[in-house]
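Asker: So here's protein01.txt (compact mmCIF, C-alpha atoms).
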```txt
# COMPACT_ATOMS: atom_id res chain seq x y z
CA MET A 1 135.66 -36.43 -5.76
CA ARG A 2 139.23 -35.51 -6.59
CA PRO A 3 140.05 -32.68 -9.04
CA GLU A 4 141.28 -35.04 -11.72
CA GLU A 5 138.00 -36.98 -11.53
CA ILE A 6 135.91 -33.83 -11.77
CA LEU A 7 137.87 -32.52 -14.73
CA ARG A 8 137.13 -35.70 -16.68
CA TYR A 9 133.46 -34.70 -16.80
CA PRO A 10 132.59 -32.42 -19.74
CA ALA A 11 132.26 -28.75 -18.81
CA ARG A 12 128.68 -27.50 -18.58
CA ILE A 13 129.24 -23.78 -18.61
CA LEU A 14 132.81 -22.84 -17.66
CA SER A 15 135.79 -23.27 -19.94
CA GLN A 16 138.29 -26.02 -19.21
CA GLN A 17 140.91 -23.32 -18.63
CA GLN A 18 138.73 -21.70 -15.96
CA ARG A 19 138.17 -25.05 -14.26
CA GLU A 20 141.89 -25.82 -14.24
CA HIS A 21 142.68 -22.36 -12.84
CA TYR A 22 140.27 -22.97 -9.95
CA PHE A 23 141.86 -26.27 -8.99
CA ALA A 24 145.41 -24.99 -9.45
CA HIS A 25 145.02 -21.73 -7.52
CA GLY A 26 141.93 -22.13 -5.31
CA TYR A 27 139.79 -19.57 -7.09
CA VAL A 28 138.71 -18.21 -10.45
CA SER A 29 136.88 -15.08 -11.63
CA VAL A 30 134.52 -14.99 -14.61
CA GLU A 31 133.75 -11.56 -16.03
CA ASP A 32 130.42 -10.47 -17.54
CA PHE A 33 128.85 -13.87 -16.93
CA VAL A 34 125.22 -13.25 -16.00
CA PRO A 35 122.81 -12.38 -18.86
CA ALA A 36 121.41 -8.84 -18.69
CA GLU A 37 117.80 -9.91 -18.11
CA ILE A 38 118.68 -12.13 -15.15
CA LEU A 39 121.02 -9.51 -13.71
CA SER A 40 118.29 -6.87 -13.92
CA GLU A 41 115.88 -9.11 -11.99
CA LEU A 42 118.45 -9.71 -9.27
CA GLN A 43 119.24 -6.00 -8.98
CA ALA A 44 115.58 -5.00 -8.74
CA THR A 45 114.91 -7.62 -6.07
CA THR A 46 117.93 -6.48 -4.09
CA THR A 47 116.83 -2.84 -4.25
CA SER A 48 113.44 -3.88 -2.87
CA PHE A 49 115.01 -5.57 0.16
CA PHE A 50 117.33 -2.62 0.70
CA GLU A 51 114.30 -0.35 0.92
CA GLN A 52 112.60 -2.75 3.32
CA SER A 53 115.62 -2.54 5.64
CA ARG A 54 114.76 1.12 6.31
CA LYS A 55 111.79 -0.08 8.38
CA VAL A 56 113.99 -2.19 10.70
CA ASP A 57 115.95 -0.68 13.58
CA GLN A 58 118.01 -3.70 14.64
CA SER A 59 119.38 -6.88 13.13
CA ASN A 60 117.00 -9.82 12.87
CA ASN A 61 116.72 -13.13 11.02
CA VAL A 62 116.46 -11.32 7.67
CA PHE A 63 118.72 -8.26 7.91
CA ASP A 64 122.15 -7.75 9.46
CA LEU A 65 122.55 -4.04 10.12
CA GLY A 66 125.57 -1.90 10.86
CA PRO A 67 125.75 0.08 14.14
CA SER A 68 124.86 3.39 12.46
CA HIS A 69 121.86 2.06 10.51
CA SER A 70 118.79 4.28 10.35
CA ALA A 71 115.76 4.74 8.12
CA ALA A 72 117.27 7.89 6.64
CA ASP A 73 120.75 6.41 6.19
CA PRO A 74 120.42 2.62 5.99
CA LEU A 75 123.51 0.50 6.53
CA LEU A 76 122.47 -2.98 5.46
CA ARG A 77 125.46 -5.29 5.83
CA ARG A 78 123.75 -8.51 4.84
CA LEU A 79 120.48 -9.94 3.59
CA LYS A 80 120.42 -13.34 5.27
CA SER A 81 119.40 -16.50 3.41
CA PRO A 82 118.26 -14.88 0.16
CA ASP A 83 117.38 -18.36 -1.11
CA GLU A 84 114.29 -18.16 1.11
CA ARG A 85 113.53 -14.48 0.59
CA SER A 86 112.65 -14.46 -3.10
CA ASP A 87 112.03 -16.92 -5.92
CA ILE A 88 114.27 -14.70 -8.07
CA TYR A 89 117.28 -15.52 -5.91
CA TRP A 90 116.44 -19.23 -5.65
CA LYS A 91 115.89 -19.57 -9.39
CA PHE A 92 119.35 -18.07 -9.94
CA THR A 93 120.87 -20.47 -7.40
CA THR A 94 119.29 -23.57 -8.91
CA GLY A 95 119.93 -22.46 -12.50
CA LEU A 96 123.16 -20.83 -13.61
CA MET A 97 124.94 -21.10 -10.27
CA ALA A 98 124.28 -24.83 -9.86
CA ASP A 99 125.69 -25.44 -13.36
CA VAL A 100 128.83 -23.48 -12.47
CA ALA A 101 129.15 -25.48 -9.25
CA ALA A 102 128.84 -28.77 -11.13
CA ASP A 103 131.87 -27.83 -13.23
CA LEU A 104 133.94 -27.47 -10.05
CA VAL A 105 132.57 -29.91 -7.45
CA GLY A 106 131.47 -32.64 -9.84
CA PRO A 107 128.09 -33.78 -11.16
CA ASN A 108 126.42 -34.28 -7.76
CA VAL A 109 125.82 -30.78 -6.36
CA VAL A 110 124.36 -29.95 -2.94
CA PHE A 111 123.24 -26.48 -1.82
CA HIS A 112 124.68 -25.31 1.50
CA HIS A 113 123.71 -21.66 2.06
CA SER A 114 123.37 -18.23 0.50
CA LYS A 115 123.84 -14.64 1.64
CA LEU A 116 123.90 -11.19 0.09
CA ASN A 117 126.69 -8.99 1.46
CA PHE A 118 126.93 -5.23 1.03
CA LYS A 119 130.03 -3.03 1.18
CA TRP A 120 129.74 0.54 2.44
CA PHE A 121 131.93 3.56 3.01
CA ASP A 122 132.04 2.65 6.67
CA GLU A 123 134.71 1.14 8.89
CA SER A 124 132.43 -1.74 9.86
CA ASP A 125 132.37 -3.10 6.31
CA THR A 126 135.94 -4.41 6.19
CA VAL A 127 136.02 -8.22 6.03
CA LYS A 128 139.37 -9.39 7.37
CA TRP A 129 141.45 -12.34 6.19
CA HIS A 130 139.74 -15.65 6.87
CA GLN A 131 138.94 -19.10 5.50
CA ASP A 132 135.40 -20.43 5.21
CA ILE A 133 135.75 -24.13 5.97
CA GLN A 134 136.38 -23.60 9.70
CA PHE A 135 132.82 -22.20 9.93
CA PHE A 136 131.29 -25.41 8.54
CA PRO A 137 133.75 -28.36 8.41
CA HIS A 138 133.04 -31.17 5.95
CA THR A 139 134.56 -34.58 5.35
CA ASN A 140 136.42 -33.14 2.37
CA TYR A 141 137.21 -29.76 0.87
CA ASN A 142 135.03 -29.98 -2.21
CA VAL A 143 133.19 -26.92 -0.89
CA LEU A 144 133.08 -23.57 -2.66
CA THR A 145 131.36 -20.21 -2.76
CA ILE A 146 130.25 -18.47 -5.94
CA GLY A 147 129.80 -14.71 -5.71
CA CYS A 148 127.95 -12.57 -8.23
CA TYR A 149 128.62 -8.84 -8.26
CA LEU A 150 125.34 -6.94 -8.59
CA ALA A 151 127.17 -3.64 -9.15
CA ASP A 152 130.34 -2.73 -11.01
CA THR A 153 133.20 -3.47 -8.63
CA ASP A 154 136.73 -2.05 -8.72
CA MET A 155 139.37 -1.08 -6.19
CA ASN A 156 137.23 1.87 -5.14
CA ASN A 157 134.37 -0.14 -3.64
CA GLY A 158 135.94 -3.10 -1.89
CA PRO A 159 136.37 -6.10 -4.20
CA LEU A 160 136.84 -9.63 -2.95
CA ALA A 161 140.54 -10.45 -2.67
CA VAL A 162 142.09 -13.93 -2.48
CA LEU A 163 145.51 -15.30 -1.63
CA LYS A 164 146.58 -17.33 -4.64
CA ASP A 165 147.37 -21.01 -3.97
CA SER A 166 146.41 -20.73 -0.28
CA HIS A 167 143.92 -23.62 -0.60
CA ASN A 168 146.95 -25.92 -0.55
CA ASP A 169 148.45 -24.33 2.59
CA ASP A 170 147.63 -25.28 6.17
CA LEU A 171 144.45 -23.89 7.69
CA PHE A 172 144.72 -21.07 10.23
CA ASP A 173 143.47 -20.85 13.81
CA GLN A 174 140.43 -18.53 13.81
CA TYR A 175 140.16 -18.28 17.60
CA ASP A 176 141.97 -15.59 19.59
CA ALA A 177 144.52 -16.16 22.36
CA GLU A 178 141.72 -16.34 24.95
CA GLY A 179 139.88 -19.02 22.99
CA ASN A 180 137.15 -16.75 21.62
CA TRP A 181 135.96 -17.35 18.09
CA THR A 182 136.79 -14.39 15.83
CA GLY A 183 136.24 -15.88 12.38
CA MET A 184 139.48 -14.38 11.11
CA LEU A 185 143.26 -14.61 11.24
CA SER A 186 145.11 -12.95 14.08
CA ASP A 187 146.87 -9.69 13.27
CA ASP A 188 150.23 -11.48 13.41
CA ASP A 189 149.10 -14.22 11.03
CA ALA A 190 147.58 -11.69 8.63
CA ALA A 191 150.75 -9.58 8.68
CA GLY A 192 152.76 -12.62 7.65
CA LEU A 193 150.82 -13.26 4.43
CA ASP A 194 152.68 -12.82 1.14
CA GLN A 195 151.04 -9.74 -0.37
CA GLY A 196 152.57 -10.61 -3.71
CA ARG A 197 150.09 -13.50 -3.94
CA VAL A 198 147.00 -11.34 -3.40
CA ASP A 199 144.61 -11.12 -6.35
CA TYR A 200 141.81 -8.52 -6.26
CA LEU A 201 138.80 -9.88 -8.14
CA THR A 202 137.26 -6.84 -9.76
CA GLY A 203 134.58 -6.95 -12.45
CA ALA A 204 131.47 -5.41 -13.93
CA ALA A 205 128.03 -6.22 -12.56
CA GLY A 206 127.22 -9.81 -13.50
CA SER A 207 130.81 -11.02 -13.01
CA LEU A 208 131.53 -14.02 -10.78
CA THR A 209 134.06 -14.69 -8.05
CA ILE A 210 134.57 -18.35 -7.12
CA HIS A 211 136.75 -19.51 -4.24
CA ASN A 212 137.38 -22.79 -2.47
CA ALA A 213 136.46 -23.01 1.22
CA ARG A 214 140.16 -23.38 2.15
CA THR A 215 141.22 -20.28 0.20
CA LEU A 216 142.23 -17.24 2.23
CA HIS A 217 140.22 -14.16 1.30
CA TYR A 218 139.17 -10.73 2.52
CA SER A 219 137.74 -7.50 1.17
CA PRO A 220 139.05 -4.00 1.86
CA SER A 221 136.85 -1.11 2.93
CA SER A 222 134.93 0.72 0.24
CA LYS A 223 135.74 4.31 -0.68
CA SER A 224 132.41 4.76 -2.42
CA PRO A 225 129.23 6.19 -0.81
CA LEU A 226 127.18 3.69 -2.82
CA PRO A 227 126.62 0.14 -1.53
CA ARG A 228 128.32 -2.73 -3.35
CA PRO A 229 126.15 -5.89 -3.20
CA LEU A 230 127.67 -9.34 -3.68
CA LEU A 231 125.28 -12.31 -3.89
CA LEU A 232 126.96 -15.44 -2.55
CA ASN A 233 125.94 -19.10 -2.92
CA CYS A 234 127.81 -21.96 -1.27
CA PHE A 235 127.72 -25.47 -2.73
CA THR A 236 129.32 -28.80 -1.90
CA SER A 237 129.87 -32.08 -3.63
CA ALA A 238 127.34 -34.68 -2.49
CA ASP A 239 130.21 -36.76 -1.09
CA ALA A 240 131.29 -33.91 1.23
CA LYS A 241 129.33 -34.47 4.44
CA PRO A 242 129.12 -31.91 7.26
CA TYR A 243 130.77 -32.68 10.59
CA THR A 244 128.78 -30.07 12.53
CA ALA A 245 125.25 -28.69 12.61
CA HIS A 246 124.42 -26.07 10.00
CA PRO A 247 124.70 -22.55 11.49
CA GLN A 248 121.49 -21.27 9.87
CA PRO A 249 119.56 -23.92 7.95
CA THR A 250 116.75 -22.99 5.57
CA SER A 251 114.16 -25.09 3.80
CA ASN A 252 116.70 -25.45 0.98
CA THR A 253 119.69 -26.56 3.04
CA TYR A 254 121.36 -29.72 1.69
CA LYS A 255 119.03 -29.95 -1.30
CA LEU A 256 120.49 -31.95 -4.18
CA LEU A 257 120.50 -29.58 -7.17
CA ARG A 258 122.36 -31.65 -9.74
CA GLY A 259 123.09 -35.34 -10.15
CA GLU A 260 122.19 -37.96 -7.60
CA ALA A 261 122.67 -38.81 -3.94
CA VAL A 262 125.79 -40.80 -3.06
CA LYS A 263 126.27 -43.85 -0.85
CA TRP A 264 129.83 -43.06 0.22
CA ALA A 265 131.37 -39.98 1.78
CA HIS A 266 134.84 -38.97 0.63
CA HIS A 267 137.26 -38.18 3.47
CA ASP A 268 140.20 -35.82 3.03
CA PRO A 269 142.93 -36.66 5.58
CA ARG A 270 143.89 -33.02 6.15
CA PRO A 271 142.58 -31.74 9.50
CA CYS A 272 140.05 -28.93 9.91
CA GLN A 273 139.49 -26.69 12.92
CA MET A 274 136.07 -27.03 14.55
CA PRO A 275 133.81 -23.99 15.06
CA PRO A 276 131.87 -23.02 18.19
CA ASP A 277 128.48 -24.55 18.91
CA TRP A 278 126.19 -22.58 16.60
CA SER A 279 122.95 -23.80 18.21
CA ALA A 280 122.33 -20.40 19.82
CA GLY A 281 122.41 -18.73 16.39
CA TYR A 282 124.64 -16.04 14.96
CA THR A 283 124.57 -12.63 13.31
CA SER A 284 127.28 -12.16 10.69
CA ILE A 285 130.99 -12.23 10.01
CA TYR A 286 131.00 -8.45 10.40
CA ALA A 287 129.76 -8.83 13.97
CA ALA A 288 132.22 -11.63 14.73
CA GLN A 289 135.26 -9.79 13.42
CA ALA A 290 134.23 -6.52 15.12
CA GLY A 291 133.79 -8.28 18.46
CA GLU A 292 130.04 -7.58 18.61
CA ASN A 293 128.25 -10.12 20.84
CA GLU A 294 131.63 -11.62 21.57
CA THR A 295 130.43 -13.23 24.78
CA SER A 296 127.82 -15.26 22.94
CA SER A 297 127.88 -17.71 20.05
CA GLU A 298 126.22 -15.18 17.75
CA THR A 299 128.91 -15.13 15.15
CA ALA A 300 128.76 -16.01 11.50
CA MET A 301 129.83 -17.30 8.17
```
Give the structure from this file in structure tokens form.
Answerer:
Amino acid sequence: MRPEEILRYPARILSQQQREHYFAHGYVSVEDFVPAEILSELQATTTSFFEQSRKVDQSNNVFDLGPSHSAADPLLRRLKSPDERSDIYWKFTTGLMADVAADLVGPNVVFHHSKLNFKWFDESDTVKWHQDIQFFPHTNYNVLTIGCYLADTDMNNGPLAVLKDSHNDDLFDQYDAEGNWTGMLSDDDAAGLDQGRVDYLTGAAGSLTIHNARTLHYSPSSKSPLPRPLLLNCFTSADAKPYTAHPQPTSNTYKLLRGEAVKWAHHDPRPCQMPPDWSAGYTSIYAAQAGENETSSETAM
């Protein structure tokens, strides 16, 4: 669906101004959105998984760990596929988050994937400038990610940052000069970005960040010794069909969460770069951007 078609549907949960900001600029932030009771459940569940990561000494299909991770000093970079790890996460995805998605992708909402990223006072936690859609191309760009801060987030602990209006610019090449997938812009491309268009999306715990899959974004390193968790859910319109295999499907992948299935795919004529063959699996964007496992296809969203 096109933005003007989506905006003709009554808003479920966002304001019309917030919806218009998203379509105009490629992102929107919503402060203090999640009710305290739901936020508390999410935080407690996340703390439980953090403690479980102490018992793991290397990355696996649940935890992505930083190089210095240990039981005494855990460095959990990502909880993979939280939608399958706890009913608390999945209930949040299919409840509030699906309603938010419907306001921005239209009434027919499909779940794509989820992840829970942590920021640490560690050089491996920087997420460099990149766009999401090259990881999982679709027939159109009605694809977005909704992040929920589970801790108060300011410039001290690595907020998500976006480049305003970049969803309307051309997509970047996220392979290096040797043809290796890096999942990020080259240093030269990143240096050429207009820093005057950068918006740092800070907010209290329970605030949302929402960005389109074409929107350039990154997050700076944290200066805080405490982890900053960001729960992310990706949704698509039902008329946005994937061109490539899903990198890490779960039992919930492509579930219709709102509305009804469609008979016709919508095709956006703008081209999209294709990713590597993900059939061998992947670890995380941290690993891809740091060059870990760079000789394999184990890279990430």
Asker: Show which residues sit within 6 Å of Pro242 of chain A, as number ranges by chain. Count all atoms listed in the file, and ignore same-chain residues fewer than 2 positions away.
Answerer: A: 137-138, 244
Asker: So, with all atoms listed in the file as the atoms that count, which of A:Gln273, A:Gln52, A:Asn168, A:Thr47 lies closest to Asp132 of chain A?
Answerer: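 Between A:Gln273, A:Gln52, A:Asn168, A:Thr47, the residue approaching Asp132 of chain A most closely is A:Gln273.
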Asker: Quick check, in Å to one decimal: how far apart do atom CA of Phe111 of chain A and atom CA of Tyr27 of chain A lie?
Answerer: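 Taking atom CA of Phe111 of chain A as the start and atom CA of Tyr27 of chain A as the end point, the length is 18.7 Å.
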Asker: What is the atom CA of Phe49 of chain A-atom CA of Phe121 of chain A distance in Å, reported with one decimal?
Answerer: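 Separation of atom CA of Phe49 of chain A and atom CA of Phe121 of chain A: 19.4 Å.
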Asker: For Ala44 of chain A, which residue out of A:Pro229, A:His167, A:Asn61, A:His21 is the nearest one, using only C-alpha atoms?
Answerer: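 Going through A:Pro229, A:His167, A:Asn61, A:His21 one by one, the smallest distance to Ala44 of chain A is for A:Pro229.
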Asker: Between segment 34-114 of chain A and segment 4-15 of chain A, at 9 Å or less, what are the per-residue closest atom pairs and their distances in Å? Count only C-alpha atoms, order by chain and rising residue number, and return it as a tab-separated table.
Answerer:
```
residue	atom	partner	partner_atom	distance
A:Leu96	CA	A:Ile13	CA	8.4
A:Asp99	CA	A:Arg12	CA	6.4
A:Val100	CA	A:Ile13	CA	6.2
A:Ala102	CA	A:Arg12	CA	7.6
A:Asp103	CA	A:Ala11	CA	5.7
A:Leu104	CA	A:Ile6	CA	6.9
A:Val105	CA	A:Ile6	CA	6.7
A:Gly106	CA	A:Ile6	CA	5.0
A:Pro107	CA	A:Tyr9	CA	7.8
```
Asker: Assuming the input is short of atoms at segment 80-91 of chain A, produce all heavy atoms for that part as a compact mmCIF listing (two decimals), keeping the file's coordinate frame.
Answerer:
```txt
# COMPACT_ATOMS: atom_id res chain seq x y z
N LYS A 80 120.17 -11.95 4.90
CA LYS A 80 120.42 -13.34 5.27
C LYS A 80 119.54 -14.29 4.45
O LYS A 80 118.38 -14.00 4.17
CB LYS A 80 120.13 -13.54 6.76
CG LYS A 80 120.96 -12.66 7.68
CD LYS A 80 120.58 -12.90 9.13
CE LYS A 80 121.35 -11.97 10.06
NZ LYS A 80 120.97 -12.19 11.48
N SER A 81 120.13 -15.41 4.08
CA SER A 81 119.40 -16.50 3.41
C SER A 81 118.52 -16.01 2.27
O SER A 81 117.30 -16.25 2.26
CB SER A 81 118.56 -17.28 4.43
OG SER A 81 119.35 -17.74 5.49
N PRO A 82 119.10 -15.34 1.28
CA PRO A 82 118.26 -14.88 0.16
C PRO A 82 117.55 -16.00 -0.58
O PRO A 82 116.54 -15.76 -1.24
CB PRO A 82 119.25 -14.14 -0.75
CG PRO A 82 120.61 -14.61 -0.33
CD PRO A 82 120.50 -14.91 1.13
N ASP A 83 118.05 -17.24 -0.45
CA ASP A 83 117.38 -18.36 -1.11
C ASP A 83 115.94 -18.52 -0.65
O ASP A 83 115.10 -19.04 -1.40
CB ASP A 83 118.15 -19.66 -0.89
CG ASP A 83 118.32 -20.00 0.59
OD1 ASP A 83 119.12 -19.32 1.26
OD2 ASP A 83 117.65 -20.93 1.08
N GLU A 84 115.66 -18.07 0.59
CA GLU A 84 114.29 -18.16 1.11
C GLU A 84 113.51 -16.84 1.00
O GLU A 84 112.31 -16.82 1.26
CB GLU A 84 114.30 -18.59 2.57
CG GLU A 84 114.49 -20.07 2.76
CD GLU A 84 114.02 -20.53 4.13
OE1 GLU A 84 114.26 -19.80 5.12
OE2 GLU A 84 113.45 -21.62 4.22
N ARG A 85 114.18 -15.79 0.61
CA ARG A 85 113.53 -14.48 0.59
C ARG A 85 112.80 -14.19 -0.71
O ARG A 85 111.84 -13.42 -0.73
CB ARG A 85 114.57 -13.37 0.86
CG ARG A 85 115.41 -13.56 2.09
CD ARG A 85 114.60 -13.65 3.35
NE ARG A 85 115.42 -14.13 4.46
CZ ARG A 85 114.96 -14.81 5.48
NH1 ARG A 85 113.68 -15.11 5.54
NH2 ARG A 85 115.76 -15.21 6.43
N SER A 86 113.26 -14.77 -1.80
CA SER A 86 112.65 -14.46 -3.10
C SER A 86 112.89 -15.61 -4.06
O SER A 86 113.99 -16.19 -4.10
CB SER A 86 113.25 -13.18 -3.67
OG SER A 86 112.88 -13.01 -5.02
N ASP A 87 111.88 -15.91 -4.87
CA ASP A 87 112.03 -16.92 -5.92
C ASP A 87 113.06 -16.50 -6.95
O ASP A 87 113.66 -17.36 -7.62
CB ASP A 87 110.69 -17.19 -6.61
CG ASP A 87 109.70 -17.93 -5.72
OD1 ASP A 87 110.15 -18.56 -4.74
OD2 ASP A 87 108.49 -17.89 -6.02
N ILE A 88 113.26 -15.20 -7.10
CA ILE A 88 114.27 -14.70 -8.07
C ILE A 88 115.66 -15.19 -7.66
O ILE A 88 116.43 -15.69 -8.49
CB ILE A 88 114.24 -13.17 -8.15
CG1 ILE A 88 112.87 -12.67 -8.66
CG2 ILE A 88 115.37 -12.66 -9.05
CD1 ILE A 88 112.52 -13.13 -10.06
N TYR A 89 115.98 -15.06 -6.39
CA TYR A 89 117.28 -15.52 -5.91
C TYR A 89 117.40 -17.05 -6.04
O TYR A 89 118.44 -17.56 -6.48
CB TYR A 89 117.48 -15.13 -4.44
CG TYR A 89 117.65 -13.66 -4.18
CD1 TYR A 89 116.94 -13.04 -3.16
CD2 TYR A 89 118.51 -12.87 -4.93
CE1 TYR A 89 117.09 -11.69 -2.88
CE2 TYR A 89 118.68 -11.52 -4.67
CZ TYR A 89 117.95 -10.93 -3.65
OH TYR A 89 118.11 -9.60 -3.39
N TRP A 90 116.36 -17.77 -5.63
CA TRP A 90 116.44 -19.23 -5.65
C TRP A 90 116.52 -19.76 -7.08
O TRP A 90 117.24 -20.73 -7.33
CB TRP A 90 115.26 -19.81 -4.90
CG TRP A 90 115.29 -21.31 -4.76
CD1 TRP A 90 114.33 -22.19 -5.15
CD2 TRP A 90 116.34 -22.11 -4.19
NE1 TRP A 90 114.69 -23.48 -4.87
CE2 TRP A 90 115.94 -23.47 -4.27
CE3 TRP A 90 117.57 -21.81 -3.63
CZ2 TRP A 90 116.72 -24.51 -3.81
CZ3 TRP A 90 118.37 -22.86 -3.18
CH2 TRP A 90 117.95 -24.18 -3.26
N LYS A 91 115.82 -19.15 -7.99
CA LYS A 91 115.89 -19.57 -9.39
C LYS A 91 117.31 -19.39 -9.93
O LYS A 91 117.81 -20.24 -10.69
CB LYS A 91 114.89 -18.77 -10.23
CG LYS A 91 114.86 -19.15 -11.70
CD LYS A 91 113.70 -18.47 -12.42
CE LYS A 91 113.88 -16.98 -12.49
NZ LYS A 91 112.83 -16.31 -13.32
```
